[in-house]
Amino acid sequence: MKYYNYSLLFASLLFIFSGCGSGSEPESEKVQEDTIQMDSVTTQIKEFVHIFPSHLKVALMFKNAGLKYDPTLLLPLRNSEKLVTSYDRAFGLGFYGVDMAYTAINNQTQASINLLKISKQLSQQIGLESVYESNHYVEKFESNLNDVDTLADIIADLFAETDAFLKDNDKLDVTLLTFAGGWTESVYLASSLAKSSKNKAIIELVGDQLVSLNPLIKLLGENQSNFDFSLLIKQLNETKAILEKGIITPETETEPMVFDLNEAQINELLQKLKEIRSKVNNA
Amino acid sequence: MNKIIIALTALLFWIQNPKAFSQCKLKDLKSEYLEKIKPYEFEGISAGVIFAGESTTISVSVFRNQKYRLYFHSEGFDGPVSVKVMTRNRFVLFTNKDDPSLNKYTFVPKKTEDYFVEFTTPTSASEDSRGCVAVVLSSRGY
């Protein structure tokens, strides 16, 4: 019995001390530079993850800018069955999540609920089942099919819960992969419709999505212990370079950048986004 | 004997891993702030544990012409935590220097950019003292 007691204590102490230094150490050095660089910030923050824009907010901003609904742009639902690795499922979750938000805010509730079910399935396959089980999202969604605002609230909560669960459980790599998928799908949908509509406000908003790319690429580079993000990082850097060609006047301290994309640049952007999307679309 | 060992283990675990016992779980913080931020809507959150007397920075992306409110959360420290919101070029947009009880900042950015929220926590007599800091981003309208 005594042996059991001391074993328990020893095992507990081992567990406790193995937790030391696992990411809670703060960076004590103050940043001395005049400009805050992402390098220094990410070194400093360790456990503190950049707050990326919510996909739902981005979808609503695009809609308000005039983005129309085009169901032919959505990823086919059946593709989700071909996603077999954790990488592909986490990445696909981001794409289907944005498609779900896009359909819901455009009153396409049946399409949206189908996408919610796909998201639930993918989430379960990567260990996020408790997010759905404890919050009953599918049931809540089905009970509010005629209320688009409530559906948007449910999706917002689902995104936030998923994000919190992943970060609380040290799955930052999955968070980033999912965000990268959602970012790609948002910009793909907007660019596809900007190409046909020539809507300047949508194109300007596409340019604004550059804001997420620097922290995303940086964090992907730093979180590759479970996944190899090298191809995705390369593709996102190439996407960034294409978007940067659209900067007509760079931002100043107080004024935003002036951004526009001509048809050839939109085509180049779409080609790159399709290449990234093919991981899920042609799985 | 068993009870003593369990109590001692729990105590040691708490000392070494306060995050596990404090309200520094994003899920809990999110639930806590969902009501507090109304009529604003929840956009995102970042949180973590830092030592007393240290600083840390949390970055956040914001879009031009959108109405945002940032909430600053801290717990577990012996005194007020100072907060600054800055642009990349360290231009200070908000500080609670004159009123440490200020825990939110409402703004409409003129351009799409990253903001940096810097927390500086008070020193403590205890070397191992630490607490939780968090930023909650909320927005209103689109």
# chains A, B, ... in the order shown; residues from 1 in each chain; ligands from 1
call {"tool": "interface_residues", "arguments": {"of": "chain B", "to": "chain A", "cutoff": "6 Å", "atoms": "only C-alpha atoms", "output": "JSON, numbers by chain"}}
result
{"B": [13, 26, 27, 43, 44, 46, 47, 48, 50, 54, 59, 60, 61, 88, 89, 111, 113, 142]}
call {"tool": "atom_distance", "arguments": {"atom1": "CA of Phe51 (chain B)", "atom2": "CA of His73 (chain B)"}}
result
15.1 Å
call {"tool": "select_by_dssp", "arguments": {"residues": "chain B", "states": "helix (DSSP H, G or I)", "output": "ChimeraX atom specification"}}
result
/B:2-16,18-21,26-36
call {"tool": "residues_around", "arguments": {"residues": "Tyr137 (chain A)", "least_positions_apart": "5", "cutoff": "12 Å", "atoms": "only C-alpha atoms", "output": "VMD selection string"}}
result
chain A and resid 113 116 to 117 119 to 120 129 to 132 142 to 144 150 to 159 161 to 162
call {"tool": "residues_around", "arguments": {"residues": "Gln265 (chain A)", "least_positions_apart": "2", "cutoff": "12 Å", "atoms": "only C-alpha atoms", "output": "list in words"}}
result
Ser191, Ser192, Ala194, Lys195, Ile203, Gly207, Thr239, Ala241, Ile242, Leu243, Glu244, Lys245, Gly246, Ile247, Phe259, Asp260, Leu261, Asn262, Glu263, Asn267, Glu268, Leu269, Leu270, Gln271 and Lys272 of chain A
call {"tool": "select_by_dssp", "arguments": {"residues": "chain B", "states": "strand (DSSP E)", "output": "number ranges by chain"}}
result
B: 41-51, 55-62, 67-75, 82-86, 92-95, 104-107, 113-120, 130-140
call {"tool": "closest_residue", "arguments": {"among": "B:Ser124, B:Lys84, B:Ala134, B:Gln66", "to": "Lys25 (chain B)", "atoms": "only C-alpha atoms"}}
result
B:Ala134
call {"tool": "atom_distance", "arguments": {"atom1": "CA of Val117 (chain B)", "atom2": "CA of Leu102 (chain B)"}}
result
13.8 Å
call {"tool": "residues_around", "arguments": {"residues": "Gly141 (chain B)", "least_positions_apart": "6", "cutoff": "9 Å", "atoms": "only C-alpha atoms", "output": "number ranges by chain"}}
result
B: 40-41, 66-67
call {"tool": "residues_around", "arguments": {"residues": "Arg89 (chain A)", "least_positions_apart": "6", "cutoff": "10 Å", "atoms": "only C-alpha atoms", "output": "list in words"}}
result
Ser80, Glu81, Lys82, Leu83, Phe95, Ser119, Gln121, Leu122, Ser123, Gln124, Gln125, Ile126, Val174, Leu177, Thr178 and Val280 of chain A
